[in-house]
$ cat query.txt   # compact mmCIF, N, CA and C atoms
# COMPACT_ATOMS: atom_id res chain seq x y z
N MET A 239 -7.85 -3.33 -17.42
CA MET A 239 -7.01 -3.81 -16.33
C MET A 239 -5.64 -3.15 -16.47
N PRO A 240 -5.06 -2.69 -15.38
CA PRO A 240 -3.77 -2.02 -15.45
C PRO A 240 -2.66 -2.98 -15.83
N GLU A 241 -1.60 -2.40 -16.35
CA GLU A 241 -0.42 -3.18 -16.70
C GLU A 241 0.35 -3.53 -15.43
N VAL A 242 1.16 -4.56 -15.53
CA VAL A 242 1.98 -5.00 -14.40
C VAL A 242 2.86 -3.86 -13.90
N THR A 243 3.39 -3.06 -14.81
CA THR A 243 4.36 -2.04 -14.43
C THR A 243 3.73 -0.73 -13.98
N ASP A 244 2.41 -0.69 -13.79
CA ASP A 244 1.78 0.55 -13.33
C ASP A 244 2.19 0.93 -11.91
N VAL A 245 2.60 -0.05 -11.11
CA VAL A 245 3.00 0.19 -9.73
C VAL A 245 4.24 -0.65 -9.42
N VAL A 246 5.22 0.00 -8.80
CA VAL A 246 6.40 -0.70 -8.31
C VAL A 246 6.47 -0.43 -6.82
N ILE A 247 6.61 -1.49 -6.03
CA ILE A 247 6.73 -1.34 -4.58
C ILE A 247 8.04 -1.96 -4.12
N HIS A 248 8.81 -1.16 -3.39
CA HIS A 248 10.02 -1.64 -2.74
C HIS A 248 9.55 -2.13 -1.38
N HIS A 249 9.52 -3.43 -1.22
CA HIS A 249 8.74 -4.12 -0.20
C HIS A 249 9.61 -4.94 0.74
N ASN A 250 9.20 -4.96 2.00
CA ASN A 250 9.79 -5.86 2.98
C ASN A 250 8.65 -6.74 3.48
N PRO A 251 8.62 -8.02 3.12
CA PRO A 251 7.50 -8.88 3.50
C PRO A 251 7.38 -9.09 5.01
N ALA A 252 8.40 -8.76 5.79
CA ALA A 252 8.32 -8.90 7.23
C ALA A 252 7.68 -7.68 7.90
N CYS A 253 7.42 -6.62 7.14
CA CYS A 253 6.89 -5.36 7.68
C CYS A 253 5.37 -5.31 7.49
N GLY A 254 4.64 -5.10 8.59
CA GLY A 254 3.18 -5.02 8.52
C GLY A 254 2.69 -3.88 7.64
N THR A 255 3.31 -2.72 7.74
CA THR A 255 2.90 -1.59 6.90
C THR A 255 3.14 -1.91 5.43
N SER A 256 4.27 -2.49 5.13
CA SER A 256 4.59 -2.84 3.75
C SER A 256 3.60 -3.88 3.21
N ARG A 257 3.28 -4.87 4.01
CA ARG A 257 2.29 -5.89 3.59
C ARG A 257 0.93 -5.24 3.36
N ASN A 258 0.55 -4.31 4.23
CA ASN A 258 -0.75 -3.65 4.08
C ASN A 258 -0.79 -2.80 2.82
N VAL A 259 0.28 -2.07 2.53
CA VAL A 259 0.32 -1.25 1.31
C VAL A 259 0.21 -2.15 0.08
N LEU A 260 0.93 -3.25 0.08
CA LEU A 260 0.83 -4.20 -1.04
C LEU A 260 -0.59 -4.72 -1.18
N ALA A 261 -1.25 -5.04 -0.08
CA ALA A 261 -2.63 -5.53 -0.13
C ALA A 261 -3.58 -4.46 -0.69
N ILE A 262 -3.37 -3.20 -0.33
CA ILE A 262 -4.20 -2.10 -0.85
C ILE A 262 -4.01 -1.98 -2.36
N ILE A 263 -2.77 -2.03 -2.80
CA ILE A 263 -2.46 -1.94 -4.24
C ILE A 263 -3.18 -3.07 -4.99
N GLU A 264 -3.05 -4.27 -4.48
CA GLU A 264 -3.67 -5.43 -5.14
C GLU A 264 -5.20 -5.36 -5.07
N ALA A 265 -5.75 -4.88 -3.96
CA ALA A 265 -7.20 -4.74 -3.84
C ALA A 265 -7.76 -3.72 -4.83
N ALA A 266 -6.91 -2.76 -5.23
CA ALA A 266 -7.33 -1.76 -6.22
C ALA A 266 -7.25 -2.31 -7.65
N GLY A 267 -6.79 -3.55 -7.79
CA GLY A 267 -6.76 -4.19 -9.11
C GLY A 267 -5.43 -4.14 -9.82
N TYR A 268 -4.39 -3.66 -9.15
CA TYR A 268 -3.07 -3.60 -9.77
C TYR A 268 -2.32 -4.90 -9.53
N ARG A 269 -1.43 -5.21 -10.45
CA ARG A 269 -0.50 -6.32 -10.28
C ARG A 269 0.90 -5.70 -10.24
N PRO A 270 1.33 -5.29 -9.07
CA PRO A 270 2.57 -4.51 -8.99
C PRO A 270 3.82 -5.34 -9.19
N VAL A 271 4.87 -4.64 -9.58
CA VAL A 271 6.20 -5.22 -9.55
C VAL A 271 6.65 -5.08 -8.09
N VAL A 272 6.95 -6.20 -7.47
CA VAL A 272 7.34 -6.23 -6.06
C VAL A 272 8.84 -6.48 -5.97
N ILE A 273 9.54 -5.52 -5.40
CA ILE A 273 10.98 -5.64 -5.23
C ILE A 273 11.26 -5.86 -3.75
N ASP A 274 11.72 -7.05 -3.42
CA ASP A 274 12.11 -7.36 -2.05
C ASP A 274 13.53 -6.84 -1.87
N TYR A 275 13.62 -5.59 -1.43
CA TYR A 275 14.91 -4.92 -1.41
C TYR A 275 15.88 -5.51 -0.39
N LEU A 276 15.38 -6.27 0.58
CA LEU A 276 16.30 -6.94 1.50
C LEU A 276 17.06 -8.05 0.77
N GLN A 277 16.44 -8.61 -0.27
CA GLN A 277 17.09 -9.64 -1.08
C GLN A 277 17.94 -9.04 -2.20
N THR A 278 17.41 -8.00 -2.86
CA THR A 278 18.10 -7.43 -4.02
C THR A 278 19.13 -6.38 -3.64
N GLY A 279 18.93 -5.74 -2.48
CA GLY A 279 19.83 -4.67 -2.06
C GLY A 279 19.55 -3.36 -2.80
N TRP A 280 20.36 -2.38 -2.50
CA TRP A 280 20.24 -1.05 -3.10
C TRP A 280 21.57 -0.66 -3.74
N THR A 281 21.49 0.29 -4.66
CA THR A 281 22.69 0.98 -5.13
C THR A 281 22.54 2.45 -4.74
N LYS A 282 23.65 3.16 -4.64
CA LYS A 282 23.57 4.59 -4.32
C LYS A 282 22.75 5.36 -5.35
N PRO A 283 23.01 5.15 -6.66
CA PRO A 283 22.20 5.88 -7.64
C PRO A 283 20.70 5.59 -7.52
N GLN A 284 20.37 4.34 -7.26
CA GLN A 284 18.96 3.98 -7.10
C GLN A 284 18.36 4.72 -5.91
N LEU A 285 19.04 4.70 -4.77
CA LEU A 285 18.53 5.40 -3.59
C LEU A 285 18.42 6.90 -3.83
N LEU A 286 19.44 7.49 -4.45
CA LEU A 286 19.40 8.93 -4.73
C LEU A 286 18.22 9.29 -5.62
N GLY A 287 17.95 8.45 -6.64
CA GLY A 287 16.83 8.70 -7.53
C GLY A 287 15.49 8.57 -6.82
N LEU A 288 15.33 7.51 -6.04
CA LEU A 288 14.08 7.33 -5.30
C LEU A 288 13.86 8.46 -4.30
N PHE A 289 14.92 8.81 -3.55
CA PHE A 289 14.78 9.86 -2.55
C PHE A 289 14.46 11.20 -3.19
N ALA A 290 15.12 11.52 -4.30
CA ALA A 290 14.84 12.79 -4.99
C ALA A 290 13.40 12.82 -5.47
N ALA A 291 12.93 11.74 -6.06
CA ALA A 291 11.56 11.69 -6.58
C ALA A 291 10.53 11.77 -5.46
N ALA A 292 10.87 11.22 -4.29
CA ALA A 292 9.93 11.20 -3.17
C ALA A 292 10.08 12.40 -2.24
N GLY A 293 11.04 13.27 -2.52
CA GLY A 293 11.26 14.43 -1.65
C GLY A 293 11.86 14.04 -0.30
N LEU A 294 12.66 12.99 -0.31
CA LEU A 294 13.31 12.52 0.91
C LEU A 294 14.79 12.83 0.88
N THR A 295 15.40 12.78 2.03
CA THR A 295 16.86 12.81 2.16
C THR A 295 17.27 11.47 2.76
N PRO A 296 18.53 11.13 2.70
CA PRO A 296 18.95 9.91 3.38
C PRO A 296 18.55 9.93 4.86
N ARG A 297 18.63 11.08 5.50
CA ARG A 297 18.26 11.18 6.92
C ARG A 297 16.77 10.91 7.13
N THR A 298 15.90 11.50 6.28
CA THR A 298 14.46 11.30 6.48
C THR A 298 14.01 9.91 6.04
N ALA A 299 14.81 9.24 5.21
CA ALA A 299 14.47 7.89 4.77
C ALA A 299 15.07 6.81 5.67
N LEU A 300 15.87 7.22 6.64
CA LEU A 300 16.54 6.26 7.52
C LEU A 300 15.54 5.62 8.48
N ARG A 301 15.54 4.31 8.49
CA ARG A 301 14.70 3.58 9.45
C ARG A 301 15.47 3.53 10.76
N THR A 302 14.90 4.14 11.78
CA THR A 302 15.61 4.26 13.05
C THR A 302 15.18 3.23 14.08
N THR A 303 14.03 2.59 13.88
CA THR A 303 13.58 1.55 14.80
C THR A 303 13.65 0.21 14.08
N LYS A 304 13.84 -0.83 14.84
CA LYS A 304 13.92 -2.18 14.29
C LYS A 304 14.94 -2.25 13.15
N SER A 305 16.04 -1.54 13.34
CA SER A 305 17.13 -1.54 12.38
C SER A 305 18.42 -1.35 13.16
N PRO A 306 19.56 -1.57 12.54
CA PRO A 306 20.83 -1.37 13.24
C PRO A 306 21.31 0.08 13.26
N ALA A 307 20.43 1.04 12.99
CA ALA A 307 20.85 2.44 12.89
C ALA A 307 21.57 2.93 14.14
N GLN A 308 21.02 2.65 15.30
CA GLN A 308 21.64 3.12 16.53
C GLN A 308 22.99 2.43 16.76
N GLU A 309 23.02 1.11 16.58
CA GLU A 309 24.27 0.37 16.79
C GLU A 309 25.37 0.83 15.85
N LEU A 310 24.99 1.27 14.67
CA LEU A 310 25.98 1.73 13.68
C LEU A 310 26.36 3.21 13.87
N GLY A 311 25.76 3.86 14.86
CA GLY A 311 26.07 5.26 15.12
C GLY A 311 25.46 6.23 14.13
N LEU A 312 24.39 5.82 13.45
CA LEU A 312 23.81 6.64 12.38
C LEU A 312 22.79 7.66 12.88
N LEU A 313 22.41 7.59 14.13
CA LEU A 313 21.41 8.53 14.65
C LEU A 313 22.02 9.88 15.01
N ASP A 314 23.32 9.97 15.07
CA ASP A 314 24.01 11.23 15.33
C ASP A 314 23.76 12.17 14.16
N PRO A 315 23.21 13.36 14.43
CA PRO A 315 22.92 14.30 13.33
C PRO A 315 24.14 14.73 12.53
N GLN A 316 25.34 14.49 13.06
CA GLN A 316 26.56 14.86 12.35
C GLN A 316 26.93 13.86 11.26
N VAL A 317 26.29 12.70 11.23
CA VAL A 317 26.58 11.69 10.21
C VAL A 317 26.14 12.25 8.86
N SER A 318 27.03 12.22 7.88
CA SER A 318 26.75 12.81 6.56
C SER A 318 25.78 11.95 5.75
N ASP A 319 25.16 12.60 4.76
CA ASP A 319 24.28 11.87 3.84
C ASP A 319 25.07 10.77 3.12
N GLU A 320 26.30 11.07 2.76
CA GLU A 320 27.14 10.08 2.08
C GLU A 320 27.35 8.84 2.96
N ALA A 321 27.61 9.05 4.24
CA ALA A 321 27.79 7.93 5.17
C ALA A 321 26.49 7.16 5.35
N LEU A 322 25.37 7.88 5.39
CA LEU A 322 24.07 7.20 5.50
C LEU A 322 23.81 6.34 4.26
N LEU A 323 24.10 6.88 3.09
CA LEU A 323 23.90 6.11 1.85
C LEU A 323 24.79 4.87 1.83
N ASP A 324 26.04 5.03 2.24
CA ASP A 324 26.94 3.87 2.31
C ASP A 324 26.36 2.80 3.24
N ALA A 325 25.86 3.23 4.38
CA ALA A 325 25.28 2.28 5.34
C ALA A 325 24.03 1.62 4.78
N MET A 326 23.21 2.38 4.05
CA MET A 326 21.98 1.83 3.47
C MET A 326 22.30 0.78 2.40
N VAL A 327 23.36 1.01 1.65
CA VAL A 327 23.78 0.02 0.65
C VAL A 327 24.29 -1.24 1.36
N ALA A 328 25.05 -1.06 2.43
CA ALA A 328 25.60 -2.20 3.17
C ALA A 328 24.53 -2.93 3.98
N HIS A 329 23.52 -2.19 4.45
CA HIS A 329 22.46 -2.75 5.31
C HIS A 329 21.11 -2.27 4.77
N PRO A 330 20.54 -2.95 3.77
CA PRO A 330 19.30 -2.49 3.13
C PRO A 330 18.15 -2.23 4.09
N VAL A 331 18.12 -2.89 5.23
CA VAL A 331 17.04 -2.72 6.20
C VAL A 331 17.00 -1.29 6.76
N LEU A 332 18.06 -0.52 6.58
CA LEU A 332 18.10 0.85 7.08
C LEU A 332 17.19 1.80 6.32
N VAL A 333 16.70 1.38 5.15
CA VAL A 333 15.81 2.23 4.37
C VAL A 333 14.37 1.98 4.81
N ASN A 334 13.71 3.06 5.18
CA ASN A 334 12.32 2.94 5.60
C ASN A 334 11.47 2.51 4.42
N ARG A 335 10.39 1.82 4.69
CA ARG A 335 9.57 1.23 3.64
C ARG A 335 8.11 1.31 4.00
N PRO A 336 7.28 1.04 2.99
CA PRO A 336 7.57 0.76 1.60
C PRO A 336 7.69 2.04 0.78
N ILE A 337 8.52 1.99 -0.23
CA ILE A 337 8.59 3.09 -1.20
C ILE A 337 7.87 2.60 -2.45
N VAL A 338 6.89 3.39 -2.89
CA VAL A 338 6.04 3.00 -4.02
C VAL A 338 6.19 4.02 -5.14
N CYS A 339 6.27 3.50 -6.38
CA CYS A 339 6.40 4.32 -7.58
C CYS A 339 5.21 4.06 -8.49
N THR A 340 4.53 5.13 -8.92
CA THR A 340 3.46 5.03 -9.91
C THR A 340 3.61 6.23 -10.84
N ALA A 341 2.74 6.31 -11.83
CA ALA A 341 2.75 7.46 -12.74
C ALA A 341 2.47 8.76 -11.99
N LYS A 342 1.84 8.67 -10.82
CA LYS A 342 1.53 9.87 -10.03
C LYS A 342 2.68 10.31 -9.14
N GLY A 343 3.75 9.51 -9.07
CA GLY A 343 4.89 9.92 -8.27
C GLY A 343 5.49 8.79 -7.47
N VAL A 344 6.40 9.17 -6.59
CA VAL A 344 7.11 8.24 -5.72
C VAL A 344 6.89 8.72 -4.30
N ARG A 345 6.63 7.77 -3.42
CA ARG A 345 6.35 8.16 -2.04
C ARG A 345 6.75 7.05 -1.08
N LEU A 346 7.23 7.46 0.08
CA LEU A 346 7.36 6.55 1.21
C LEU A 346 5.96 6.43 1.79
N CYS A 347 5.38 5.26 1.71
CA CYS A 347 3.98 5.07 2.10
C CYS A 347 3.89 4.61 3.56
N ARG A 348 4.25 5.50 4.43
CA ARG A 348 4.20 5.29 5.86
C ARG A 348 3.65 6.57 6.44
N PRO A 349 2.43 6.61 6.95
CA PRO A 349 1.51 5.50 7.15
C PRO A 349 0.95 4.97 5.83
N SER A 350 0.39 3.78 5.90
CA SER A 350 0.00 3.05 4.69
C SER A 350 -1.04 3.76 3.84
N GLU A 351 -1.89 4.60 4.42
CA GLU A 351 -2.90 5.27 3.59
C GLU A 351 -2.31 6.27 2.62
N ARG A 352 -1.04 6.58 2.74
CA ARG A 352 -0.39 7.47 1.78
C ARG A 352 -0.38 6.87 0.38
N ILE A 353 -0.52 5.56 0.27
CA ILE A 353 -0.58 4.91 -1.04
C ILE A 353 -1.77 5.40 -1.85
N LEU A 354 -2.85 5.78 -1.19
CA LEU A 354 -4.07 6.16 -1.90
C LEU A 354 -3.85 7.36 -2.82
N ASP A 355 -2.90 8.23 -2.46
CA ASP A 355 -2.60 9.40 -3.31
C ASP A 355 -1.91 9.01 -4.61
N LEU A 356 -1.34 7.81 -4.66
CA LEU A 356 -0.58 7.39 -5.84
C LEU A 356 -1.37 6.52 -6.80
N LEU A 357 -2.59 6.15 -6.42
CA LEU A 357 -3.39 5.24 -7.24
C LEU A 357 -4.43 6.00 -8.05
N ASP A 358 -4.64 5.56 -9.29
CA ASP A 358 -5.67 6.18 -10.13
C ASP A 358 -7.08 5.81 -9.69
N ARG A 359 -7.19 4.68 -9.01
CA ARG A 359 -8.50 4.27 -8.49
C ARG A 359 -8.28 3.62 -7.13
N LEU A 360 -9.31 3.74 -6.31
CA LEU A 360 -9.24 3.19 -4.96
C LEU A 360 -9.76 1.76 -4.94
N PRO A 361 -9.28 0.97 -4.00
CA PRO A 361 -9.85 -0.37 -3.84
C PRO A 361 -11.26 -0.25 -3.26
N PRO A 362 -12.08 -1.29 -3.43
CA PRO A 362 -13.42 -1.23 -2.86
C PRO A 362 -13.35 -1.24 -1.33
N GLY A 363 -14.36 -0.65 -0.74
CA GLY A 363 -14.41 -0.61 0.73
C GLY A 363 -15.41 -1.59 1.27
N PRO A 364 -15.45 -1.72 2.56
CA PRO A 364 -14.61 -1.01 3.51
C PRO A 364 -13.20 -1.60 3.53
N LEU A 365 -12.24 -0.73 3.85
CA LEU A 365 -10.85 -1.15 3.90
C LEU A 365 -10.17 -0.48 5.09
N ALA A 366 -9.48 -1.29 5.88
CA ALA A 366 -8.77 -0.77 7.05
C ALA A 366 -7.28 -0.99 6.87
N LYS A 367 -6.50 -0.16 7.54
CA LYS A 367 -5.05 -0.37 7.51
C LYS A 367 -4.66 -1.34 8.61
N GLU A 368 -3.37 -1.59 8.75
CA GLU A 368 -2.88 -2.65 9.62
C GLU A 368 -3.28 -2.50 11.09
N ASP A 369 -3.53 -1.27 11.54
CA ASP A 369 -3.93 -1.08 12.94
C ASP A 369 -5.44 -1.13 13.14
N GLY A 370 -6.17 -1.44 12.06
CA GLY A 370 -7.63 -1.54 12.14
C GLY A 370 -8.37 -0.25 11.81
N GLN A 371 -7.65 0.85 11.65
CA GLN A 371 -8.28 2.12 11.32
C GLN A 371 -8.85 2.08 9.91
N LEU A 372 -10.12 2.44 9.78
CA LEU A 372 -10.79 2.45 8.48
C LEU A 372 -10.23 3.58 7.62
N ILE A 373 -9.85 3.26 6.37
CA ILE A 373 -9.34 4.31 5.47
C ILE A 373 -10.24 4.48 4.25
N ILE A 374 -11.07 3.48 3.95
CA ILE A 374 -12.07 3.58 2.89
C ILE A 374 -13.36 3.00 3.46
N ASP A 375 -14.45 3.76 3.34
CA ASP A 375 -15.72 3.31 3.92
C ASP A 375 -16.41 2.29 3.01
N ALA A 376 -17.54 1.79 3.44
CA ALA A 376 -18.27 0.73 2.72
C ALA A 376 -18.72 1.17 1.34
N GLU A 377 -18.89 2.48 1.16
CA GLU A 377 -19.30 3.01 -0.16
C GLU A 377 -18.12 3.27 -1.07
N GLY A 378 -16.91 3.00 -0.61
CA GLY A 378 -15.72 3.19 -1.43
C GLY A 378 -15.14 4.58 -1.36
N ASN A 379 -15.55 5.37 -0.37
CA ASN A 379 -15.04 6.72 -0.21
C ASN A 379 -13.86 6.74 0.75
N ARG A 380 -12.88 7.53 0.39
CA ARG A 380 -11.70 7.70 1.24
C ARG A 380 -12.07 8.46 2.49
N ILE A 381 -11.62 7.98 3.63
CA ILE A 381 -11.87 8.67 4.90
C ILE A 381 -10.65 9.53 5.19
N ALA A 382 -10.90 10.82 5.38
CA ALA A 382 -9.79 11.78 5.57
C ALA A 382 -8.99 11.52 6.81
$ encode --input "query.txt" --output "structure tokens"
Amino acid sequence: MPEVTDVVIHHNPACGTSRNVLAIIEAAGYRPVVIDYLQTGWTKPQLLGLFAAAGLTPRTALRTTKSPAQELGLLDPQVSDEALLDAMVAHPVLVNRPIVCTAKGVRLCRPSERILDLLDRLPPGPLAKEDGQLIIDAEGNRIA
């Protein structure tokens, strides 16, 4: 059985994709560390480390829908990475989710099937993502 710390998920329980990714992780037999980042918040160093590991920039990690990004003027391409990071620290919901960390790497798992690349083993099938699309068949094989 895997250790608790084999998977860390930066999770928003109000987000369907985030809930689905957490369910996939748990169905695969992991007991992840779940960080509700809306409650705990972010620090700049933490965001910089996660983004670097996941190959993201503040701009590509910015949640533009169902967030205050537009109201805060953050959708303008002239807004600097530093300003985006400041806004993400002040408004944690601006960070797209879920971000998952495993021994295989760090990734923004949107769409939710991206989590499968980070797991050493797949959950049993059949398994569908939040929109009903099958991602693992009844035999436990990943559907491309």
$ closest_residue --input "query.txt" --among "A:Val338, A:Met326, A:Ile263, A:Asp355" --to "His249 (chain A)" --atoms "only N, CA and C atoms"
A:Val338
$ select_by_dssp --input "query.txt" --residues "region 243-375 of chain A" --states "helix (DSSP H, G or I)" --output "ChimeraX atom specification"
/A:243-244,254-265,275-278,282-292,296-299,319-328,330-332,350-356
$ residues_near_point --input "query.txt" --point "(25.1, 6.0, 7.7)" --cutoff "8 Å" --atoms "only N, CA and C atoms" --output "VMD selection string"
chain A and resid 307 310 to 313 317 to 326
$ select_by_dssp --input "query.txt" --residues "chain A" --states "strand (DSSP E or B)" --output "number ranges by chain"
A: 245-249, 271-274, 300, 333, 337-340, 343-346, 365-366, 372-374, 380
$ residues_around --input "query.txt" --residues "region 328-334 of chain A" --least-positions-apart "2" --cutoff "6 Å" --atoms "all atoms listed in the file" --output "list in words"
Tyr275, Leu276, Gly279, Trp280, Ala299, Leu300, Arg301, Ser305, Leu323, Asp324, Ala325, Met326, Pro336 and Ile337 of chain A
$ axis_aligned_box --input "query.txt" --around "region 357-371 of chain A" --padding-each-side "4 Å" --output "JSON"
{"center_x": -9.0, "center_y": 1.8, "center_z": 1.5, "size_x": 20.9, "size_y": 16.8, "size_z": 31.3}
$ closest_residue --input "query.txt" --among "A:Glu377, A:Lys367, A:Pro283, A:Pro362" --to "Gly254 (chain A)" --atoms "all atoms listed in the file"
A:Lys367
$ atom_distance --input "query.txt" --atom1 "CA of Leu346 (chain A)" --atom2 "atom C of Asp314 (chain A)"
21.6 Å
$ atom_distance --input "query.txt" --atom1 "atom N of Arg348 (chain A)" --atom2 "CA of Asn379 (chain A)"
19.9 Å
$ closest_residue --input "query.txt" --among "A:Leu286, A:Lys342, A:Arg335, A:Ile374" --to "Asp358 (chain A)" --atoms "all atoms listed in the file"
A:Lys342
$ closest_residue --input "query.txt" --among "A:Arg345, A:Ser350, A:Leu360, A:Ala376" --to "Leu260 (chain A)" --atoms "all atoms listed in the file"
A:Ser350
$ atom_distance --input "query.txt" --atom1 "CA of Arg352 (chain A)" --atom2 "CA of Pro251 (chain A)"
18.2 Å
$ residues_around --input "query.txt" --residues "Ala265 (chain A)" --least-positions-apart "3" --cutoff "5 Å" --atoms "all atoms listed in the file" --output "list in words"
Ala261, Ile262 and Pro361 of chain A
$ residues_near_point --input "query.txt" --point "(5.3, 3.5, -12.3)" --cutoff "6 Å" --atoms "all atoms listed in the file" --output "PyMOL selection string"
chain A and resi 243-246+339-341
$ write_last_selection --input "query.txt" --atoms "N, CA and C atoms" --output "compact mmCIF listing (two decimals), in the coordinates of the input"
# COMPACT_ATOMS: atom_id res chain seq x y z
N THR A 243 3.39 -3.06 -14.81
CA THR A 243 4.36 -2.04 -14.43
C THR A 243 3.73 -0.73 -13.98
N ASP A 244 2.41 -0.69 -13.79
CA ASP A 244 1.78 0.55 -13.33
C ASP A 244 2.19 0.93 -11.91
N VAL A 245 2.60 -0.05 -11.11
CA VAL A 245 3.00 0.19 -9.73
C VAL A 245 4.24 -0.65 -9.42
N VAL A 246 5.22 0.00 -8.80
CA VAL A 246 6.40 -0.70 -8.31
C VAL A 246 6.47 -0.43 -6.82
N CYS A 339 6.27 3.50 -6.38
CA CYS A 339 6.40 4.32 -7.58
C CYS A 339 5.21 4.06 -8.49
N THR A 340 4.53 5.13 -8.92
CA THR A 340 3.46 5.03 -9.91
C THR A 340 3.61 6.23 -10.84
N ALA A 341 2.74 6.31 -11.83
CA ALA A 341 2.75 7.46 -12.74
C ALA A 341 2.47 8.76 -11.99
